[in-house]
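A.B. asks: My structure is in query-v2.csv, and what it holds is CSV, N, CA and C atoms:
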```
chain,number,residue,atom,x,y,z
A,507,MET,N,101.2,96.5,111.9
A,507,MET,CA,102.0,97.7,112.2
A,507,MET,C,103.4,97.5,111.6
A,508,SER,N,104.0,98.5,111.1
A,508,SER,CA,105.3,98.4,110.4
A,508,SER,C,106.4,98.2,111.4
A,509,ARG,N,107.4,97.5,111.0
A,509,ARG,CA,108.7,97.3,111.7
A,509,ARG,C,109.8,98.2,111.3
A,510,SER,N,109.5,99.0,110.3
A,510,SER,CA,110.5,99.9,109.7
A,510,SER,C,110.0,101.3,109.9
A,511,LEU,N,110.9,102.3,109.7
A,511,LEU,CA,110.5,103.7,109.7
A,511,LEU,C,109.5,103.9,108.6
A,512,PRO,N,108.6,104.9,108.7
A,512,PRO,CA,107.7,105.1,107.6
A,512,PRO,C,108.4,105.3,106.3
A,513,ASN,N,109.5,106.1,106.4
A,513,ASN,CA,110.3,106.3,105.1
A,513,ASN,C,111.8,106.5,105.5
A,514,TYR,N,112.6,106.3,104.5
A,514,TYR,CA,114.0,106.5,104.6
A,514,TYR,C,114.6,107.6,103.8
A,515,LEU,N,113.7,108.6,103.5
A,515,LEU,CA,114.1,109.7,102.6
A,515,LEU,C,115.3,110.4,103.1
A,516,LYS,N,115.3,110.8,104.4
A,516,LYS,CA,116.4,111.5,105.0
A,516,LYS,C,117.7,110.8,104.9
A,517,MET,N,117.7,109.5,105.2
A,517,MET,CA,118.9,108.6,105.1
A,517,MET,C,119.4,108.6,103.7
A,518,PHE,N,118.6,108.4,102.7
A,518,PHE,CA,119.0,108.3,101.4
A,518,PHE,C,119.6,109.7,100.9
A,519,ARG,N,118.9,110.8,101.4
A,519,ARG,CA,119.3,112.1,101.0
A,519,ARG,C,120.7,112.4,101.6
A,520,ARG,N,120.9,112.1,102.8
A,520,ARG,CA,122.2,112.3,103.5
A,520,ARG,C,123.3,111.5,102.8
A,521,ARG,N,123.0,110.2,102.5
A,521,ARG,CA,124.0,109.4,101.8
A,521,ARG,C,124.3,109.9,100.5
A,522,SER,N,123.4,110.6,99.9
A,522,SER,CA,123.7,111.2,98.6
A,522,SER,C,124.4,112.6,98.7
A,523,HIS,N,124.6,113.1,99.9
A,523,HIS,CA,125.2,114.4,100.2
A,523,HIS,C,124.4,115.5,99.6
A,524,LEU,N,123.1,115.4,99.6
A,524,LEU,CA,122.3,116.5,99.1
A,524,LEU,C,121.6,117.1,100.3
A,525,SER,N,121.3,118.4,100.1
A,525,SER,CA,120.6,119.2,101.1
A,525,SER,C,119.1,119.1,100.7
A,526,GLN,N,118.2,119.4,101.7
A,526,GLN,CA,116.8,119.5,101.4
A,526,GLN,C,116.5,120.4,100.2
A,527,ARG,N,117.2,121.5,100.2
A,527,ARG,CA,117.1,122.5,99.1
A,527,ARG,C,117.5,121.9,97.8
A,528,ASP,N,118.6,121.1,97.8
A,528,ASP,CA,119.0,120.4,96.5
A,528,ASP,C,117.9,119.5,96.0
A,529,VAL,N,117.4,118.7,96.9
A,529,VAL,CA,116.3,117.8,96.5
A,529,VAL,C,115.1,118.5,96.0
A,530,ALA,N,114.8,119.6,96.7
A,530,ALA,CA,113.6,120.4,96.3
A,530,ALA,C,113.8,120.9,94.8
A,531,ALA,N,115.1,121.4,94.5
A,531,ALA,CA,115.4,121.8,93.2
A,531,ALA,C,115.2,120.7,92.2
A,532,LEU,N,115.7,119.5,92.5
A,532,LEU,CA,115.6,118.4,91.6
A,532,LEU,C,114.1,118.0,91.4
A,533,LEU,N,113.3,118.3,92.4
A,533,LEU,CA,111.8,118.0,92.3
A,533,LEU,C,111.0,119.1,91.6
A,534,GLY,N,111.7,120.1,91.1
A,534,GLY,CA,111.0,121.1,90.3
A,534,GLY,C,110.7,122.3,91.1
A,535,GLY,N,111.5,122.7,92.1
A,535,GLY,CA,111.3,123.9,92.8
A,535,GLY,C,110.4,123.8,94.0
A,536,MET,N,110.2,122.6,94.5
A,536,MET,CA,109.5,122.4,95.7
A,536,MET,C,110.3,123.1,96.8
A,537,SER,N,109.7,123.4,98.0
A,537,SER,CA,110.5,124.1,99.0
A,537,SER,C,111.2,123.0,99.9
A,538,GLY,N,112.3,123.5,100.5
A,538,GLY,CA,113.0,122.6,101.4
A,538,GLY,C,112.1,122.1,102.6
A,539,SER,N,111.2,123.0,103.0
A,539,SER,CA,110.3,122.7,104.2
A,539,SER,C,109.4,121.6,103.8
A,540,LYS,N,109.0,121.5,102.5
A,540,LYS,CA,108.1,120.4,102.1
A,540,LYS,C,108.9,119.1,102.1
A,541,ILE,N,110.1,119.1,101.7
A,541,ILE,CA,111.0,117.9,101.7
A,541,ILE,C,111.1,117.5,103.2
A,542,ALA,N,111.3,118.4,104.1
A,542,ALA,CA,111.4,118.1,105.5
A,542,ALA,C,110.1,117.4,106.0
A,543,ARG,N,108.9,117.9,105.6
A,543,ARG,CA,107.7,117.3,105.9
A,543,ARG,C,107.5,115.9,105.4
A,544,HIS,N,108.1,115.6,104.2
A,544,HIS,CA,108.1,114.3,103.6
A,544,HIS,C,109.0,113.4,104.5
A,545,GLU,N,110.2,113.9,104.8
A,545,GLU,CA,111.1,113.1,105.6
A,545,GLU,C,110.6,112.7,106.9
A,546,THR,N,109.9,113.6,107.6
A,546,THR,CA,109.4,113.3,108.9
A,546,THR,C,108.1,112.6,108.9
A,547,GLY,N,107.5,112.4,107.7
A,547,GLY,CA,106.2,111.7,107.6
A,547,GLY,C,105.0,112.6,108.0
A,548,ARG,N,105.2,113.8,108.2
A,548,ARG,CA,104.1,114.7,108.4
A,548,ARG,C,103.2,114.9,107.2
A,549,ARG,N,103.8,114.7,106.0
A,549,ARG,CA,103.1,114.8,104.8
A,549,ARG,C,103.5,113.7,103.8
A,550,LEU,N,102.6,113.1,103.2
A,550,LEU,CA,102.9,112.1,102.2
A,550,LEU,C,103.1,112.8,100.8
A,551,PRO,N,104.2,112.4,100.1
A,551,PRO,CA,104.3,112.9,98.8
A,551,PRO,C,103.3,112.3,97.8
A,552,THR,N,103.1,113.0,96.7
A,552,THR,CA,102.2,112.5,95.7
A,552,THR,C,103.0,111.3,95.1
A,553,LEU,N,102.2,110.5,94.3
A,553,LEU,CA,102.9,109.3,93.6
A,553,LEU,C,104.0,109.8,92.7
A,554,GLU,N,103.7,110.9,92.0
A,554,GLU,CA,104.8,111.4,91.1
A,554,GLU,C,106.0,111.8,91.9
A,555,THR,N,105.8,112.5,93.0
A,555,THR,CA,107.0,112.9,93.8
A,555,THR,C,107.7,111.7,94.4
A,556,ALA,N,107.0,110.7,94.8
A,556,ALA,CA,107.6,109.4,95.4
A,556,ALA,C,108.4,108.8,94.3
A,557,LEU,N,107.9,108.7,93.1
A,557,LEU,CA,108.7,108.1,92.0
A,557,LEU,C,109.9,109.0,91.6
A,558,ALA,N,109.8,110.3,91.7
A,558,ALA,CA,110.9,111.2,91.5
A,558,ALA,C,112.0,110.9,92.6
A,559,TYR,N,111.6,110.8,93.8
A,559,TYR,CA,112.6,110.4,94.9
A,559,TYR,C,113.3,109.1,94.5
A,560,ALA,N,112.6,108.1,94.0
A,560,ALA,CA,113.2,106.9,93.6
A,560,ALA,C,114.2,107.1,92.5
A,561,VAL,N,113.9,108.0,91.5
A,561,VAL,CA,114.9,108.3,90.5
A,561,VAL,C,116.1,109.0,91.1
A,562,ILE,N,115.9,110.0,91.9
A,562,ILE,CA,116.9,110.8,92.5
A,562,ILE,C,117.9,109.9,93.3
A,563,PHE,N,117.4,109.0,94.1
A,563,PHE,CA,118.2,108.2,94.9
A,563,PHE,C,118.5,106.9,94.4
A,564,ASN,N,118.1,106.6,93.1
A,564,ASN,CA,118.3,105.3,92.5
A,564,ASN,C,117.9,104.2,93.4
A,565,ALA,N,116.7,104.3,93.9
A,565,ALA,CA,116.2,103.3,94.9
A,565,ALA,C,114.8,102.9,94.6
A,566,ASP,N,114.4,101.7,95.0
A,566,ASP,CA,113.0,101.3,94.8
A,566,ASP,C,112.1,102.0,95.8
A,567,VAL,N,110.9,102.4,95.4
A,567,VAL,CA,110.0,103.1,96.2
A,567,VAL,C,109.7,102.3,97.5
A,568,ARG,N,109.7,101.0,97.4
A,568,ARG,CA,109.5,100.1,98.6
A,568,ARG,C,110.6,100.3,99.6
A,569,GLU,N,111.8,100.6,99.1
A,569,GLU,CA,112.9,100.8,100.1
A,569,GLU,C,112.8,102.2,100.7
A,570,LEU,N,112.4,103.2,99.9
A,570,LEU,CA,112.3,104.6,100.4
A,570,LEU,C,111.2,104.7,101.4
A,571,PHE,N,110.1,104.0,101.2
A,571,PHE,CA,108.9,104.1,102.0
A,571,PHE,C,108.6,102.7,102.6
A,572,ALA,N,109.6,102.1,103.2
A,572,ALA,CA,109.5,100.7,103.7
A,572,ALA,C,108.4,100.6,104.8
A,573,GLY,N,108.3,101.4,105.7
A,573,GLY,CA,107.3,101.3,106.7
A,573,GLY,C,105.9,101.4,106.2
A,574,LEU,N,105.7,102.4,105.3
A,574,LEU,CA,104.4,102.5,104.6
A,574,LEU,C,104.1,101.3,103.8
A,575,TYR,N,105.1,100.8,103.1
A,575,TYR,CA,104.9,99.6,102.3
A,575,TYR,C,104.5,98.4,103.2
A,576,GLU,N,105.2,98.2,104.3
A,576,GLU,CA,104.8,97.1,105.2
A,576,GLU,C,103.4,97.2,105.7
A,577,ASP,N,103.0,98.5,106.1
A,577,ASP,CA,101.7,98.7,106.6
A,577,ASP,C,100.6,98.3,105.5
A,578,GLN,N,100.9,98.7,104.3
A,578,GLN,CA,99.9,98.4,103.2
A,578,GLN,C,99.9,96.9,102.9
A,579,MET,N,101.1,96.3,103.0
A,579,MET,CA,101.1,94.8,102.7
A,579,MET,C,100.3,94.1,103.8
A,580,ASP,N,100.4,94.5,105.0
A,580,ASP,CA,99.7,93.9,106.1
A,580,ASP,C,98.2,94.1,105.9
A,581,LEU,N,97.8,95.3,105.5
A,581,LEU,CA,96.4,95.6,105.3
A,581,LEU,C,95.8,94.8,104.2
A,582,VAL,N,96.5,94.7,103.1
A,582,VAL,CA,96.1,94.0,101.9
A,582,VAL,C,96.0,92.5,102.3
A,583,ARG,N,96.9,92.0,103.0
A,583,ARG,CA,96.8,90.6,103.4
A,583,ARG,C,95.6,90.3,104.3
A,584,VAL,N,95.2,91.2,105.2
A,584,VAL,CA,94.0,91.0,106.0
A,584,VAL,C,92.8,91.0,105.1
A,585,GLN,N,92.7,92.0,104.1
A,585,GLN,CA,91.6,92.0,103.2
A,585,GLN,C,91.5,90.8,102.3
A,586,ALA,N,92.7,90.3,101.9
A,586,ALA,CA,92.7,89.1,101.1
A,586,ALA,C,92.2,87.9,101.8
A,587,GLU,N,92.5,87.8,103.1
A,587,GLU,CA,92.0,86.7,103.9
A,587,GLU,C,90.5,86.7,104.0
A,588,GLU,N,90.0,87.9,104.3
A,588,GLU,CA,88.6,88.1,104.4
A,588,GLU,C,87.9,87.8,103.0
A,589,LEU,N,88.4,88.3,102.0
A,589,LEU,CA,87.8,88.0,100.7
A,589,LEU,C,87.9,86.5,100.3
A,590,ALA,N,89.0,85.9,100.6
A,590,ALA,CA,89.2,84.4,100.3
A,590,ALA,C,88.1,83.7,101.1
A,591,GLU,N,87.9,84.1,102.4
A,591,GLU,CA,86.9,83.4,103.2
A,591,GLU,C,85.5,83.5,102.6
A,592,LEU,N,85.2,84.7,102.1
A,592,LEU,CA,83.9,84.9,101.5
A,592,LEU,C,83.8,84.0,100.3
A,593,PHE,N,84.8,83.9,99.5
A,593,PHE,CA,84.8,83.0,98.3
A,593,PHE,C,84.6,81.5,98.7
A,594,ARG,N,85.3,81.1,99.8
A,594,ARG,CA,85.2,79.7,100.2
A,594,ARG,C,83.8,79.3,100.6
A,595,GLU,N,83.1,80.3,101.1
A,595,GLU,CA,81.7,80.0,101.6
A,595,GLU,C,80.7,79.9,100.4
A,596,VAL,N,81.1,80.3,99.2
A,596,VAL,CA,80.3,80.2,98.0
A,596,VAL,C,80.6,78.9,97.3
A,597,ASP,N,79.5,78.3,96.8
A,597,ASP,CA,79.7,77.1,95.9
A,597,ASP,C,80.1,77.7,94.6
A,598,GLY,N,81.4,77.9,94.4
A,598,GLY,CA,81.9,78.7,93.3
A,598,GLY,C,82.2,77.8,92.1
A,599,ASP,N,82.2,78.5,91.0
A,599,ASP,CA,82.6,77.9,89.7
A,599,ASP,C,84.1,78.0,89.6
A,600,GLU,N,84.6,77.7,88.4
A,600,GLU,CA,86.1,77.7,88.1
A,600,GLU,C,86.7,79.1,88.4
A,601,MET,N,86.0,80.2,88.0
A,601,MET,CA,86.5,81.5,88.2
A,601,MET,C,86.7,81.8,89.7
A,602,VAL,N,85.7,81.4,90.5
A,602,VAL,CA,85.9,81.6,92.0
A,602,VAL,C,87.1,80.8,92.5
A,603,GLN,N,87.3,79.6,92.0
A,603,GLN,CA,88.4,78.8,92.5
A,603,GLN,C,89.7,79.5,92.1
A,604,LEU,N,89.8,80.1,90.9
A,604,LEU,CA,91.0,80.8,90.4
A,604,LEU,C,91.3,82.0,91.3
A,605,LYS,N,90.2,82.7,91.7
A,605,LYS,CA,90.4,83.8,92.6
A,605,LYS,C,90.9,83.4,94.0
A,606,ILE,N,90.4,82.3,94.5
A,606,ILE,CA,90.8,81.7,95.8
A,606,ILE,C,92.3,81.4,95.7
A,607,GLU,N,92.7,80.8,94.6
A,607,GLU,CA,94.1,80.4,94.4
A,607,GLU,C,95.0,81.7,94.4
A,608,LEU,N,94.5,82.7,93.7
A,608,LEU,CA,95.3,83.9,93.6
A,608,LEU,C,95.4,84.5,95.0
A,609,LEU,N,94.4,84.6,95.8
A,609,LEU,CA,94.4,85.1,97.1
A,609,LEU,C,95.3,84.3,98.0
A,610,ASN,N,95.2,83.0,97.9
A,610,ASN,CA,96.1,82.1,98.7
A,610,ASN,C,97.6,82.4,98.4
A,611,GLY,N,97.9,82.6,97.1
A,611,GLY,CA,99.2,82.9,96.7
A,611,GLY,C,99.7,84.2,97.4
A,612,LEU,N,98.8,85.2,97.4
A,612,LEU,CA,99.1,86.5,98.1
A,612,LEU,C,99.4,86.3,99.5
A,613,LEU,N,98.6,85.4,100.2
A,613,LEU,CA,98.7,85.2,101.6
A,613,LEU,C,99.9,84.4,102.0
A,614,GLU,N,100.4,83.5,101.0
A,614,GLU,CA,101.5,82.7,101.3
A,614,GLU,C,102.8,83.3,100.8
A,615,SER,N,102.7,84.5,100.2
A,615,SER,CA,103.9,85.1,99.7
A,615,SER,C,105.0,85.2,100.8
A,616,ALA,N,106.2,84.8,100.4
A,616,ALA,CA,107.3,84.8,101.3
A,616,ALA,C,108.1,86.1,101.2
A,617,GLU,N,107.6,87.1,100.6
A,617,GLU,CA,108.4,88.4,100.4
A,617,GLU,C,108.7,88.9,101.8
A,618,PRO,N,110.0,89.1,102.0
A,618,PRO,CA,110.4,89.7,103.3
A,618,PRO,C,110.1,91.1,103.4
A,619,HIS,N,110.0,91.5,104.7
A,619,HIS,CA,109.7,92.9,105.0
A,619,HIS,C,111.0,93.7,104.6
A,620,LEU,N,110.9,94.8,104.0
A,620,LEU,CA,112.0,95.5,103.5
A,620,LEU,C,112.6,96.4,104.6
A,621,VAL,N,113.8,96.2,105.0
A,621,VAL,CA,114.5,97.1,105.9
A,621,VAL,C,115.8,97.4,105.2
A,622,PRO,N,116.0,98.5,104.6
A,622,PRO,CA,117.2,98.7,103.8
A,622,PRO,C,118.5,98.6,104.6
A,623,TRP,N,118.6,99.2,105.7
A,623,TRP,CA,119.8,99.0,106.6
A,623,TRP,C,119.3,98.9,108.0
A,624,GLU,N,119.1,97.7,108.5
A,624,GLU,CA,118.7,97.6,109.9
A,624,GLU,C,119.6,98.3,110.9
A,625,GLY,N,118.9,98.9,111.8
A,625,GLY,CA,119.7,99.6,112.9
A,625,GLY,C,120.0,101.0,112.5
A,626,VAL,N,119.8,101.5,111.3
A,626,VAL,CA,120.1,102.8,110.9
A,626,VAL,C,118.9,103.7,111.0
A,627,ASN,N,118.8,104.6,111.9
A,627,ASN,CA,117.6,105.4,112.0
A,627,ASN,C,118.0,106.9,111.9
A,628,GLU,N,118.7,107.2,110.9
A,628,GLU,CA,119.2,108.6,110.6
A,628,GLU,C,118.0,109.5,110.4
```
Re-express the file's structure as structure tokens.

C.D. replies:
Amino acid sequence: MSRSLPNYLKMFRRRSHLSQRDVAALLGGMSGSKIARHETGRRLPTLETALAYAVIFNADVRELFAGLYEDQMDLVRVQAEELAELFREVDGDEMVQLKIELLNGLLESAEPHLVPWEGVNE
């Protein structure tokens, strides 16, 4: 479960002094209400829209959607552990060993959870 908000779109938008209508215009005429749904997490933007938000706010998608990113990171790590365990049970060749090493690297990753500005829940 994530330790961050699902997304920080509203915070980045406010720091940029843009209205929802302004952002909608930058996104090609989307409605302000759709921006509001993205900001509240009631609707996920498409990949193209998420990347456009990153361009508009000059921010990494992982920062804009920190909570979603953390949730996915946790899920992938659980799946990686399960897959690594399956590979360990097999008397594998060199390729299986390489896969286990790759999965172990993913599990040992020290990448911190992204929280752009702790304590800010705008």

A.B. asks: Report, in Å with one decimal, the straight-line distance from atom CA of Asp528 of chain A to atom CA of Lys516 of chain A.

C.D. replies: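 Taking atom CA of Asp528 of chain A as the start and atom CA of Lys516 of chain A as the end point, the length is 12.6 Å.
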
A.B. asks: List every protein, DNA or RNA residue with an atom no more than 8 Å from (93.0, 89.8, 99.4) in the file's coordinates, counting all atoms listed in the file, and format the result as a PyMOL selection string.

C.D. replies: chain A and resi 581-590+608-610+612-613

A.B. asks: Taking 5 positions as the minimum chain separation for residues in the same chain, which residues sit within 8 Å of Ala542 of chain A when counting only N, CA and C atoms? Answer as a VMD selection string.

C.D. replies: chain A and resid 526 to 527 537 547 to 549

A.B. asks: Let me make sure I understand: among A:Gly611, A:Pro551, A:Gly535, A:Gly573, which one has the smallest atom-to-atom distance to Pro512 of chain A if we use all atoms listed in the file?

C.D. replies: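 Answer, going by the shortest atom-to-atom distance: A:Gly573.
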
A.B. asks: Identify all residues of chain A in alpha helix (DSSP H) (DSSP on the backbone) and supply them as a PyMOL selection string.

C.D. replies: chain A and resi 515-521+526-532+538-546+553-563+567-570+572-595+600-614

A.B. asks: Edge lengths and centre, in Å to one decimal, as lines of an AutoDock Vina configuration file: that's what I need for the box along x, y and z that holds all listed atoms of segment 537-555 of chain A plus 3 Å on each side.

C.D. replies:
```
center_x = 107.6
center_y = 116.7
center_z = 100.0
size_x = 16.8
size_y = 20.8
size_z = 23.8
```

A.B. asks: Rounded to one decimal in Å, what is the spacing between atom CA of Met517 of chain A and atom CA of Leu550 of chain A?

C.D. replies: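 Value for the atom CA of Met517 of chain A-atom CA of Leu550 of chain A distance: 16.6 Å.
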
A.B. asks: Between atom CA of Ser615 of chain A and atom CA of Asp566 of chain A, measure the distance and give it in Å to one decimal.

C.D. replies: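 It comes out at 19.2 Å.
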
A.B. asks: Between A:Val567, A:Met579, A:Leu511, A:Ile606, which has the minimum distance to Arg594 of chain A (counting only C-alpha atoms)?

C.D. replies: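 When distances to Arg594 of chain A are compared using only C-alpha atoms, the smallest one comes from A:Ile606.
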